[in-house]
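Novice: I have a structure I would like to understand better, so I am pasting it below and will then ask my questions one at a time.
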Amino acid sequence: MEFDVVLQQPGVDLAVVRKVLCDADPAALVDSDPLQPGLRVAAQLTTGELAGLLAEAGYPVGAGAIRPRPSICCGGCGG
């Protein structure tokens, strides 16, 4: 799943967030979006799992701050 995460805290330590997410999903990706405050996350997690991991990383958010993005999967690889 891909998510947009709205964070109120400035100066997110991406290395800390990346470590926590990759401990749960080694293929997880996270970066900041220069056009909006927050993060872009791609990981095999539920919204609740992502919220818990962000809190563990020191960035607690409410469920409304995590917005799943529409899938861009074409299904061509069978996955």
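In the structure tokens, chains take letters A, B, ... by order of appearance, with residues numbered from 1 within each chain and ligands from 1 in the order shown.
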Please return, as a ChimeraX atom specification, all residues of chain A that DSSP assigns to strand (DSSP E) on the basis of the backbone.
Specialist: /A:2-5,29-32,39-42,66-68
Novice: Please provide as number ranges by chain all residues within 10 Å of Asp31 of chain A, with the sequence filter that same-chain residues fewer than 4 positions apart are discarded (counting only C-alpha atoms).
Specialist: A: 12, 14-15, 17-18, 38-42
Novice: Since we have the selection now, will you write its residues out, keeping N, CA, C and O atoms, as an mmCIF file, in the first residue's frame?
Specialist:
data_model
loop_
_atom_site.group_PDB
_atom_site.id
_atom_site.type_symbol
_atom_site.label_atom_id
_atom_site.label_comp_id
_atom_site.auth_asym_id
_atom_site.auth_seq_id
_atom_site.Cartn_x
_atom_site.Cartn_y
_atom_site.Cartn_z
ATOM 1 N N VAL A 12 11.279 16.003 10.336
ATOM 2 C CA VAL A 12 11.163 14.563 10.556
ATOM 3 C C VAL A 12 12.501 13.895 10.252
ATOM 4 O O VAL A 12 13.125 14.170 9.224
ATOM 5 N N LEU A 14 14.019 11.134 8.802
ATOM 6 C CA LEU A 14 13.643 10.048 7.891
ATOM 7 C C LEU A 14 14.399 8.754 8.192
ATOM 8 O O LEU A 14 13.851 7.668 8.016
ATOM 9 N N ALA A 15 15.634 8.851 8.663
ATOM 10 C CA ALA A 15 16.409 7.647 8.963
ATOM 11 C C ALA A 15 15.764 6.849 10.090
ATOM 12 O O ALA A 15 15.697 5.616 10.031
ATOM 13 N N VAL A 17 12.493 6.951 10.989
ATOM 14 C CA VAL A 17 11.228 6.410 10.473
ATOM 15 C C VAL A 17 11.509 5.230 9.542
ATOM 16 O O VAL A 17 10.863 4.184 9.631
ATOM 17 N N ARG A 18 12.495 5.371 8.664
ATOM 18 C CA ARG A 18 12.841 4.304 7.718
ATOM 19 C C ARG A 18 13.242 3.036 8.452
ATOM 20 O O ARG A 18 12.833 1.938 8.090
ATOM 21 N N GLY A 38 4.702 16.378 5.503
ATOM 22 C CA GLY A 38 4.424 14.984 5.803
ATOM 23 C C GLY A 38 5.317 14.034 5.050
ATOM 24 O O GLY A 38 6.395 14.392 4.578
ATOM 25 N N LEU A 39 4.839 12.812 4.946
ATOM 26 C CA LEU A 39 5.618 11.729 4.363
ATOM 27 C C LEU A 39 4.832 11.006 3.286
ATOM 28 O O LEU A 39 3.604 11.003 3.287
ATOM 29 N N ARG A 40 5.572 10.353 2.406
ATOM 30 C CA ARG A 40 5.018 9.379 1.477
ATOM 31 C C ARG A 40 5.595 8.040 1.899
ATOM 32 O O ARG A 40 6.805 7.912 2.092
ATOM 33 N N VAL A 41 4.737 7.056 2.054
ATOM 34 C CA VAL A 41 5.158 5.740 2.528
ATOM 35 C C VAL A 41 4.621 4.676 1.586
ATOM 36 O O VAL A 41 3.468 4.734 1.168
ATOM 37 N N ALA A 42 5.460 3.710 1.263
ATOM 38 C CA ALA A 42 5.038 2.521 0.535
ATOM 39 C C ALA A 42 5.476 1.327 1.375
ATOM 40 O O ALA A 42 6.673 1.167 1.646
#
Novice: Have a look at atom CA of Val5 of chain A and atom CA of Val61 of chain A and let me know their distance in Å, one decimal.
Specialist: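 Interatomic distance here is 8.4 Å.
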Novice: Grab the atom CA of Pro26 of chain A to atom CA of Gly64 of chain A distance for me, in Å with one decimal place.
Specialist: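 Atom CA of Gly64 of chain A lies at a distance of 25.3 Å from atom CA of Pro26 of chain A.
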Novice: Go through A:Ser71, A:Phe3, A:Gly11, A:Gly52 and flag the residue nearest Leu29 of chain A, using only C-alpha atoms for the distances.
Specialist: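 Comparing A:Ser71, A:Phe3, A:Gly11, A:Gly52 against Leu29 of chain A, the winner is A:Phe3.
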Novice: Distance atom CA of Ala63 of chain A-atom CA of Leu35 of chain A, one decimal place?
Specialist: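 Interatomic distance here is 21.3 Å.
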Novice: DSSP on the backbone: what in segment 18-72 of chain A comes out helix (DSSP H, G or I), as a PDB file with N, CA, C and O atoms, in the first residue's frame?
Specialist:
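Done, and the output landed in part_34.pdb:
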ATOM      1  N   ARG A  18      12.495   5.371   8.664  1.00  0.00           N
ATOM      2  CA  ARG A  18      12.841   4.304   7.718  1.00  0.00           C
ATOM      3  C   ARG A  18      13.242   3.036   8.452  1.00  0.00           C
ATOM      4  O   ARG A  18      12.833   1.938   8.090  1.00  0.00           O
ATOM      5  N   LYS A  19      14.038   3.158   9.518  1.00  0.00           N
ATOM      6  CA  LYS A  19      14.477   1.976  10.265  1.00  0.00           C
ATOM      7  C   LYS A  19      13.297   1.243  10.883  1.00  0.00           C
ATOM      8  O   LYS A  19      13.187   0.020  10.777  1.00  0.00           O
ATOM      9  N   VAL A  20      12.402   1.991  11.528  1.00  0.00           N
ATOM     10  CA  VAL A  20      11.239   1.361  12.164  1.00  0.00           C
ATOM     11  C   VAL A  20      10.356   0.676  11.123  1.00  0.00           C
ATOM     12  O   VAL A  20       9.910  -0.458  11.320  1.00  0.00           O
ATOM     13  N   LEU A  21      10.116   1.347  10.001  1.00  0.00           N
ATOM     14  CA  LEU A  21       9.281   0.755   8.961  1.00  0.00           C
ATOM     15  C   LEU A  21       9.950  -0.471   8.343  1.00  0.00           C
ATOM     16  O   LEU A  21       9.298  -1.484   8.099  1.00  0.00           O
ATOM     17  N   CYS A  22      11.248  -0.386   8.080  1.00  0.00           N
ATOM     18  CA  CYS A  22      11.953  -1.509   7.442  1.00  0.00           C
ATOM     19  C   CYS A  22      12.118  -2.692   8.388  1.00  0.00           C
ATOM     20  O   CYS A  22      12.274  -3.822   7.923  1.00  0.00           O
ATOM     21  N   ASP A  23      12.063  -2.463   9.692  1.00  0.00           N
ATOM     22  CA  ASP A  23      12.057  -3.585  10.630  1.00  0.00           C
ATOM     23  C   ASP A  23      10.769  -4.393  10.475  1.00  0.00           C
ATOM     24  O   ASP A  23      10.767  -5.605  10.650  1.00  0.00           O
ATOM     25  N   ALA A  24       9.679  -3.716  10.128  1.00  0.00           N
ATOM     26  CA  ALA A  24       8.390  -4.384   9.934  1.00  0.00           C
ATOM     27  C   ALA A  24       8.223  -4.901   8.509  1.00  0.00           C
ATOM     28  O   ALA A  24       7.620  -5.947   8.292  1.00  0.00           O
ATOM     29  N   THR A  47      -3.276   0.674   7.796  1.00  0.00           N
ATOM     30  CA  THR A  47      -3.225   2.025   8.341  1.00  0.00           C
ATOM     31  C   THR A  47      -2.917   1.992   9.829  1.00  0.00           C
ATOM     32  O   THR A  47      -2.102   2.777  10.321  1.00  0.00           O
ATOM     33  N   GLY A  48      -3.524   1.072  10.557  1.00  0.00           N
ATOM     34  CA  GLY A  48      -3.281   0.951  11.999  1.00  0.00           C
ATOM     35  C   GLY A  48      -1.850   0.560  12.314  1.00  0.00           C
ATOM     36  O   GLY A  48      -1.247   1.087  13.254  1.00  0.00           O
ATOM     37  N   GLU A  49      -1.309  -0.374  11.527  1.00  0.00           N
ATOM     38  CA  GLU A  49       0.086  -0.774  11.741  1.00  0.00           C
ATOM     39  C   GLU A  49       1.027   0.391  11.473  1.00  0.00           C
ATOM     40  O   GLU A  49       1.974   0.622  12.238  1.00  0.00           O
ATOM     41  N   LEU A  50       0.762   1.143  10.414  1.00  0.00           N
ATOM     42  CA  LEU A  50       1.598   2.297  10.098  1.00  0.00           C
ATOM     43  C   LEU A  50       1.523   3.332  11.212  1.00  0.00           C
ATOM     44  O   LEU A  50       2.552   3.880  11.627  1.00  0.00           O
ATOM     45  N   ALA A  51       0.340   3.602  11.727  1.00  0.00           N
ATOM     46  CA  ALA A  51       0.189   4.559  12.823  1.00  0.00           C
ATOM     47  C   ALA A  51       1.000   4.111  14.041  1.00  0.00           C
ATOM     48  O   ALA A  51       1.687   4.924  14.679  1.00  0.00           O
ATOM     49  N   GLY A  52       0.944   2.826  14.363  1.00  0.00           N
ATOM     50  CA  GLY A  52       1.703   2.308  15.501  1.00  0.00           C
ATOM     51  C   GLY A  52       3.202   2.438  15.304  1.00  0.00           C
ATOM     52  O   GLY A  52       3.940   2.802  16.228  1.00  0.00           O
ATOM     53  N   LEU A  53       3.672   2.157  14.089  1.00  0.00           N
ATOM     54  CA  LEU A  53       5.108   2.258  13.818  1.00  0.00           C
ATOM     55  C   LEU A  53       5.581   3.708  13.821  1.00  0.00           C
ATOM     56  O   LEU A  53       6.687   4.005  14.301  1.00  0.00           O
ATOM     57  N   LEU A  54       4.753   4.620  13.314  1.00  0.00           N
ATOM     58  CA  LEU A  54       5.125   6.034  13.371  1.00  0.00           C
ATOM     59  C   LEU A  54       5.213   6.515  14.813  1.00  0.00           C
ATOM     60  O   LEU A  54       6.119   7.276  15.169  1.00  0.00           O
ATOM     61  N   ALA A  55       4.290   6.071  15.658  1.00  0.00           N
ATOM     62  CA  ALA A  55       4.344   6.428  17.083  1.00  0.00           C
ATOM     63  C   ALA A  55       5.618   5.875  17.713  1.00  0.00           C
ATOM     64  O   ALA A  55       6.280   6.561  18.500  1.00  0.00           O
ATOM     65  N   GLU A  56       5.974   4.647  17.354  1.00  0.00           N
ATOM     66  CA  GLU A  56       7.204   4.029  17.861  1.00  0.00           C
ATOM     67  C   GLU A  56       8.435   4.842  17.445  1.00  0.00           C
ATOM     68  O   GLU A  56       9.405   4.951  18.190  1.00  0.00           O
ATOM     69  N   ALA A  63      -5.524   8.521  13.100  1.00  0.00           N
ATOM     70  CA  ALA A  63      -5.882   7.741  11.913  1.00  0.00           C
ATOM     71  C   ALA A  63      -6.219   8.645  10.723  1.00  0.00           C
ATOM     72  O   ALA A  63      -5.976   8.287   9.576  1.00  0.00           O
ATOM     73  N   GLY A  64      -6.773   9.819  10.973  1.00  0.00           N
ATOM     74  CA  GLY A  64      -7.130  10.734   9.890  1.00  0.00           C
ATOM     75  C   GLY A  64      -5.936  11.358   9.190  1.00  0.00           C
ATOM     76  O   GLY A  64      -6.068  11.914   8.104  1.00  0.00           O
ATOM     77  N   ALA A  65      -4.756  11.258   9.802  1.00  0.00           N
ATOM     78  CA  ALA A  65      -3.551  11.832   9.206  1.00  0.00           C
ATOM     79  C   ALA A  65      -2.921  10.898   8.188  1.00  0.00           C
ATOM     80  O   ALA A  65      -2.018  11.289   7.456  1.00  0.00           O
TER      81      ALA A  65
END
Novice: When distances are computed from only C-alpha atoms, which of A:Pro37, A:Gly58, A:Pro70, A:Gly76 shows the smallest separation from Pro10 of chain A?
Specialist: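 Once distances to Pro10 of chain A are computed over only C-alpha atoms, the minimum belongs to A:Pro37.
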